[in-house]
Amino acid sequence: MSKSKTIYWITVICILVFGLASVSFAASVEEIAKKEGKLIFYTSMDSKTANTLGENFEKQTGIKVEVFRSGTGKVLAKIEAEFAAGKSMWDVCQVSDIAPFIEWSRKGLIEKYKPKDFDKFFDYMKDPEGYWLAVKSNTSVIAFNTTKISKNEAPKTWKDLLDPKWKGLVSMSNPYYAGTTAVNIACILELYGWDYYKALAKNEPHIDNSHGALETMMISGERPLIAEQNNYSVLPDINKGQPVDIVYPEEGVTLSPGPAGILKQAPHPNAAKLFMDYICSKEAQEIIAAKYYYPGRVDVPAKGQPSLGELKFLFPKISWLIENKQEMVDQFDTIMGRK
């Protein structure tokens with residue numbers, strides 16, 4: 001046999017061997033995942049969407065998904081308590097705060113894994129090494145009741161909220177509980193510093209743990225102005241004909257990526273990989289988009305709102321937020337008279 005033919009057949013054999021090995025590996029992950037039998041998912045996305053994703057995954061794989069759902073702050077507090085006790089219970093986590101994922105990856109607490117459709121995600125929606133992907137994201141906007149505030153009168157900028165005419169009419173979420181609010185505060189601080197919140201405090205904003213509760217108060221007219229509000233909270237009400245509208249502030253809107261990742265010592269590591277594959281799939285991303293979240297995939301459009309490419313964004317300094325988040329929240333509480 002000639003040298004060239006020998007090289008050819010060696011190449012063919014190598015391709016076949018590696019191909020079969022990859023198929024065998026994929027099969028073994030799925031087989032072991034099914035033996036693991038379940039998956040524990042911690043998330044801050046709404047319960048209906050989280051449970052739908054879990055139920056669809058179970059139908060496709062037979063693997064049960066146990067969902068723990070709360071606000072970002074409470075999810076993170078639970079995770080940190082488990083880390084401290086050395087008894088982490090979760091497999092996959094998703095929250096509306098990118099900072100902890102960056103910190104956990106630095107500490108070796110997150111498993112590096114690139115799901116099947118990793119390449120179909122926007123570059124700014126994923127860690128290039130594969131430690132996390134933002135399977136959803138939120139924008140923070142100003143929302144108002146149109147029967148109490150006209151479109152022309154509504155604030156056009158974040159700074160417009162300092163006008164004394166809004167005293168007793170503004171509400172916002174608790175930055176300890178809501179990751180998007182914490183990110184938004186960090187962005188506003190970069191623009192205007194703490195003097196902004198000292199001035200805002202004079203307008204006596206109502207602060208609640210739930211964006212949903214704020215939405216109810218806005219629709220009723222009790223607190224007709226929310227600053228800030230998640231896009232996915234207010235857009236469904238607009239489409240239902242409720243008397244509400246939104247403003248994309250001139251300084252920019254905050255983009256809060258909602259990363260998901262796998263625990264390094266996950267109790268069900270193979271099921272976790274399959275679940276990451278699923279929530280990154282087009283099917284799952286379309287479910288996420290239907291809730292008015294921004295999907296992370298390039299090929300899944302946002303529903304009923306501007307595309308990410310049409311918006312002006314405010315981004316926090318992540319390194320600063322990692323180091324100063326608790327101090328920032330404490331300072332906010334002090335200024336707002338909550339301490």
# chains A, B, ... in the order shown; residues from 1 in each chain; ligands from 1

call {"tool": "select_by_dssp", "arguments": {"residues": "range 37-173 of chain A", "states": "alpha helix (DSSP H)", "output": "PyMOL selection string"}}
result
chain A and resi 47-61+72-85+99-106

call {"tool": "closest_atom_pairs", "arguments": {"of": "range 147-196 of chain A", "to": "range 307-325 of chain A", "cutoff": "7 Å", "atoms": "only C-alpha atoms", "output": "JSON lines"}}
result
{"residue": "A:Val183", "atom": "CA", "partner": "A:Pro316", "partner_atom": "CA", "distance": 6.5}
{"residue": "A:Ala186", "atom": "CA", "partner": "A:Pro316", "partner_atom": "CA", "distance": 5.8}
{"residue": "A:Cys187", "atom": "CA", "partner": "A:Pro316", "partner_atom": "CA", "distance": 5.0}

call {"tool": "write_last_selection", "arguments": {"atoms": "C-alpha atoms", "output": "tab-separated table (two decimals), in the first residue's frame"}}
result
chain	number	residue	atom	x	y	z
A	183	VAL	CA	-28.34	46.69	38.47
A	186	ALA	CA	-25.61	50.81	39.94
A	187	CYS	CA	-26.14	52.33	36.48

call {"tool": "select_by_dssp", "arguments": {"residues": "range 55-218 of chain A", "states": "strand (DSSP E)", "output": "PyMOL selection string"}}
result
chain A and resi 64-69+92-94+110-111+133-145+170-173+206-208

call {"tool": "write_last_selection", "arguments": {"atoms": "N, CA and C atoms", "output": "mmCIF file, in the first residue's frame"}}
result
data_model
loop_
_atom_site.group_PDB
_atom_site.id
_atom_site.type_symbol
_atom_site.label_atom_id
_atom_site.label_comp_id
_atom_site.auth_asym_id
_atom_site.auth_seq_id
_atom_site.Cartn_x
_atom_site.Cartn_y
_atom_site.Cartn_z
ATOM 1 N N LYS A 64 -37.509 14.518 36.122
ATOM 2 C CA LYS A 64 -38.331 15.469 36.869
ATOM 3 C C LYS A 64 -37.512 16.703 37.245
ATOM 4 N N VAL A 65 -38.136 17.875 37.127
ATOM 5 C CA VAL A 65 -37.484 19.132 37.499
ATOM 6 C C VAL A 65 -38.172 19.702 38.737
ATOM 7 N N GLU A 66 -37.402 19.874 39.806
ATOM 8 C CA GLU A 66 -37.901 20.538 41.010
ATOM 9 C C GLU A 66 -37.491 22.001 40.951
ATOM 10 N N VAL A 67 -38.472 22.900 40.948
ATOM 11 C CA VAL A 67 -38.208 24.327 40.784
ATOM 12 C C VAL A 67 -38.296 25.043 42.121
ATOM 13 N N PHE A 68 -37.246 25.781 42.459
ATOM 14 C CA PHE A 68 -37.320 26.739 43.568
ATOM 15 C C PHE A 68 -37.308 28.115 42.931
ATOM 16 N N ARG A 69 -38.379 28.880 43.122
ATOM 17 C CA ARG A 69 -38.496 30.188 42.495
ATOM 18 C C ARG A 69 -38.673 31.285 43.538
ATOM 19 N N VAL A 92 -28.902 23.575 38.513
ATOM 20 C CA VAL A 92 -28.848 24.710 37.578
ATOM 21 C C VAL A 92 -29.480 25.908 38.264
ATOM 22 N N CYS A 93 -28.828 27.061 38.105
ATOM 23 C CA CYS A 93 -29.359 28.299 38.664
ATOM 24 C C CYS A 93 -29.498 29.327 37.556
ATOM 25 N N GLN A 94 -30.549 30.142 37.651
ATOM 26 C CA GLN A 94 -30.742 31.271 36.732
ATOM 27 C C GLN A 94 -31.293 32.441 37.544
ATOM 28 N N ILE A 110 -18.595 27.021 39.476
ATOM 29 C CA ILE A 110 -19.482 26.785 38.348
ATOM 30 C C ILE A 110 -18.814 25.829 37.362
ATOM 31 N N GLU A 111 -19.598 24.903 36.834
ATOM 32 C CA GLU A 111 -19.107 23.946 35.850
ATOM 33 C C GLU A 111 -19.041 24.598 34.474
ATOM 34 N N LEU A 133 -24.683 31.216 30.349
ATOM 35 C CA LEU A 133 -25.367 31.826 29.216
ATOM 36 C C LEU A 133 -26.584 32.567 29.754
ATOM 37 N N ALA A 134 -26.848 33.752 29.220
ATOM 38 C CA ALA A 134 -28.044 34.498 29.602
ATOM 39 C C ALA A 134 -29.210 33.974 28.767
ATOM 40 N N VAL A 135 -29.979 33.075 29.348
ATOM 41 C CA VAL A 135 -31.094 32.473 28.618
ATOM 42 C C VAL A 135 -32.258 33.445 28.468
ATOM 43 N N LYS A 136 -32.242 34.523 29.246
ATOM 44 C CA LYS A 136 -33.225 35.589 29.151
ATOM 45 C C LYS A 136 -32.572 36.882 29.632
ATOM 46 N N SER A 137 -33.171 38.004 29.290
ATOM 47 C CA SER A 137 -32.723 39.267 29.871
ATOM 48 C C SER A 137 -33.905 40.211 29.986
ATOM 49 N N ASN A 138 -33.756 41.210 30.846
ATOM 50 C CA ASN A 138 -34.797 42.196 31.072
ATOM 51 C C ASN A 138 -34.252 43.577 30.740
ATOM 52 N N THR A 139 -35.154 44.478 30.381
ATOM 53 C CA THR A 139 -34.796 45.887 30.343
ATOM 54 C C THR A 139 -35.603 46.605 31.413
ATOM 55 N N SER A 140 -35.016 47.624 32.007
ATOM 56 C CA SER A 140 -35.676 48.415 33.040
ATOM 57 C C SER A 140 -36.147 49.724 32.429
ATOM 58 N N VAL A 141 -37.446 49.969 32.511
ATOM 59 C CA VAL A 141 -38.056 51.140 31.882
ATOM 60 C C VAL A 141 -38.840 51.928 32.932
ATOM 61 N N ILE A 142 -39.356 53.078 32.537
ATOM 62 C CA ILE A 142 -40.284 53.839 33.368
ATOM 63 C C ILE A 142 -41.697 53.520 32.886
ATOM 64 N N ALA A 143 -42.580 53.170 33.800
ATOM 65 C CA ALA A 143 -43.962 52.836 33.449
ATOM 66 C C ALA A 143 -44.920 53.782 34.166
ATOM 67 N N PHE A 144 -46.062 54.066 33.524
ATOM 68 C CA PHE A 144 -47.001 55.013 34.136
ATOM 69 C C PHE A 144 -48.442 54.701 33.741
ATOM 70 N N ASN A 145 -49.371 55.166 34.580
ATOM 71 C CA ASN A 145 -50.805 55.012 34.355
ATOM 72 C C ASN A 145 -51.271 56.165 33.469
ATOM 73 N N VAL A 170 -44.506 57.909 43.048
ATOM 74 C CA VAL A 170 -43.501 57.015 42.477
ATOM 75 C C VAL A 170 -43.378 55.743 43.306
ATOM 76 N N SER A 171 -43.113 54.629 42.639
ATOM 77 C CA SER A 171 -42.784 53.384 43.339
ATOM 78 C C SER A 171 -41.602 52.716 42.651
ATOM 79 N N MET A 172 -40.943 51.837 43.381
ATOM 80 C CA MET A 172 -39.838 51.061 42.820
ATOM 81 C C MET A 172 -39.643 49.808 43.658
ATOM 82 N N SER A 173 -38.891 48.873 43.122
ATOM 83 C CA SER A 173 -38.686 47.603 43.817
ATOM 84 C C SER A 173 -37.486 47.664 44.751
ATOM 85 N N HIS A 206 -42.566 54.689 47.124
ATOM 86 C CA HIS A 206 -42.978 53.454 47.797
ATOM 87 C C HIS A 206 -42.089 52.329 47.286
ATOM 88 N N ILE A 207 -41.527 51.531 48.203
ATOM 89 C CA ILE A 207 -40.609 50.458 47.821
ATOM 90 C C ILE A 207 -41.224 49.119 48.230
ATOM 91 N N ASP A 208 -41.296 48.209 47.262
ATOM 92 C CA ASP A 208 -41.944 46.913 47.491
ATOM 93 C C ASP A 208 -41.027 45.803 46.995
#

call {"tool": "closest_residue", "arguments": {"among": "A:Ala213, A:Ile262, A:Ile219, A:Ala77", "to": "Gln326 in chain A", "atoms": "only C-alpha atoms"}}
result
A:Ala77

call {"tool": "residues_around", "arguments": {"residues": "range 56-58 of chain A", "least_positions_apart": "4", "cutoff": "10 Å", "atoms": "only C-alpha atoms", "output": "PyMOL selection string"}}
result
chain A and resi 37-39+51-52+62-65+274-275+278-279+283-284

call {"tool": "write_last_selection", "arguments": {"atoms": "C-alpha atoms", "output": "compact mmCIF listing (two decimals), in the first residue's frame"}}
result
# COMPACT_ATOMS: atom_id res chain seq x y z
CA GLY A 37 -33.86 10.90 37.62
CA LYS A 38 -34.33 14.52 38.60
CA LEU A 39 -32.91 18.02 38.49
CA ASN A 51 -42.63 25.39 35.52
CA THR A 52 -43.50 25.19 31.81
CA GLY A 62 -38.51 11.59 31.76
CA ILE A 63 -36.35 13.60 34.19
CA LYS A 64 -38.33 15.47 36.87
CA VAL A 65 -37.48 19.13 37.50
CA LEU A 274 -29.34 18.09 29.38
CA PHE A 275 -31.43 20.82 31.01
CA TYR A 278 -33.00 22.33 26.61
CA ILE A 279 -33.35 25.89 27.98
CA GLU A 283 -38.28 25.77 21.61
CA ALA A 284 -37.43 26.91 25.13

call {"tool": "residues_around", "arguments": {"residues": "Lys78 in chain A", "least_positions_apart": "2", "cutoff": "12 Å", "atoms": "only C-alpha atoms", "output": "compact mmCIF listing (two decimals) with C-alpha atoms, in the first residue's frame"}}
result
# COMPACT_ATOMS: atom_id res chain seq x y z
CA TYR A 42 -33.19 27.60 41.26
CA THR A 43 -34.54 30.60 39.36
CA PHE A 68 -37.32 26.74 43.57
CA ARG A 69 -38.50 30.19 42.49
CA SER A 70 -38.03 33.52 44.27
CA GLY A 71 -36.61 36.99 43.66
CA THR A 72 -32.97 37.19 42.68
CA GLY A 73 -31.89 38.39 46.13
CA LYS A 74 -33.56 35.50 47.94
CA VAL A 75 -32.28 32.93 45.45
CA LEU A 76 -28.73 34.24 45.89
CA GLU A 80 -24.71 31.56 49.54
CA ALA A 81 -26.08 29.94 52.71
CA GLU A 82 -25.71 26.52 51.07
CA PHE A 83 -22.15 27.36 49.99
CA ALA A 84 -21.32 28.40 53.57
CA ALA A 85 -22.78 25.17 54.95
CA LYS A 87 -24.37 21.54 51.29
CA SER A 88 -25.36 22.93 47.90
CA MET A 89 -28.65 21.44 46.72
CA TRP A 90 -29.13 22.92 43.26
CA CYS A 93 -29.36 28.30 38.66

call {"tool": "atom_distance", "arguments": {"atom1": "CA of Thr146 in chain A", "atom2": "CA of Tyr232 in chain A"}}
result
18.2 Å

call {"tool": "residues_around", "arguments": {"residues": "Pro155 in chain A", "least_positions_apart": "5", "cutoff": "8 Å", "atoms": "only C-alpha atoms", "output": "ChimeraX atom specification"}}
result
/A:142,160-161,247,249

call {"tool": "residues_around", "arguments": {"residues": "Lys35 in chain A", "least_positions_apart": "6", "cutoff": "12 Å", "atoms": "only C-alpha atoms", "output": "PyMOL selection string"}}
result
chain A and resi 28-29+61-64+268-271

call {"tool": "closest_residue", "arguments": {"among": "A:Thr334, A:Gly261, A:Glu204, A:Lys148", "to": "Trp104 in chain A", "atoms": "only C-alpha atoms"}}
result
A:Gly261

call {"tool": "residues_around", "arguments": {"residues": "Asp127 in chain A", "least_positions_apart": "3", "cutoff": "10 Å", "atoms": "only C-alpha atoms", "output": "JSON, numbers by chain"}}
result
{"A": [101, 102, 105, 112, 114, 118, 123, 124, 130, 131, 132, 133, 134, 259]}

call {"tool": "closest_residue", "arguments": {"among": "A:Ile40, A:Ile288, A:Ile238, A:Ala154", "to": "Gly304 in chain A", "atoms": "only C-alpha atoms"}}
result
A:Ile238

call {"tool": "atom_distance", "arguments": {"atom1": "CA of Tyr294 in chain A", "atom2": "CA of Asn174 in chain A"}}
result
22.2 Å
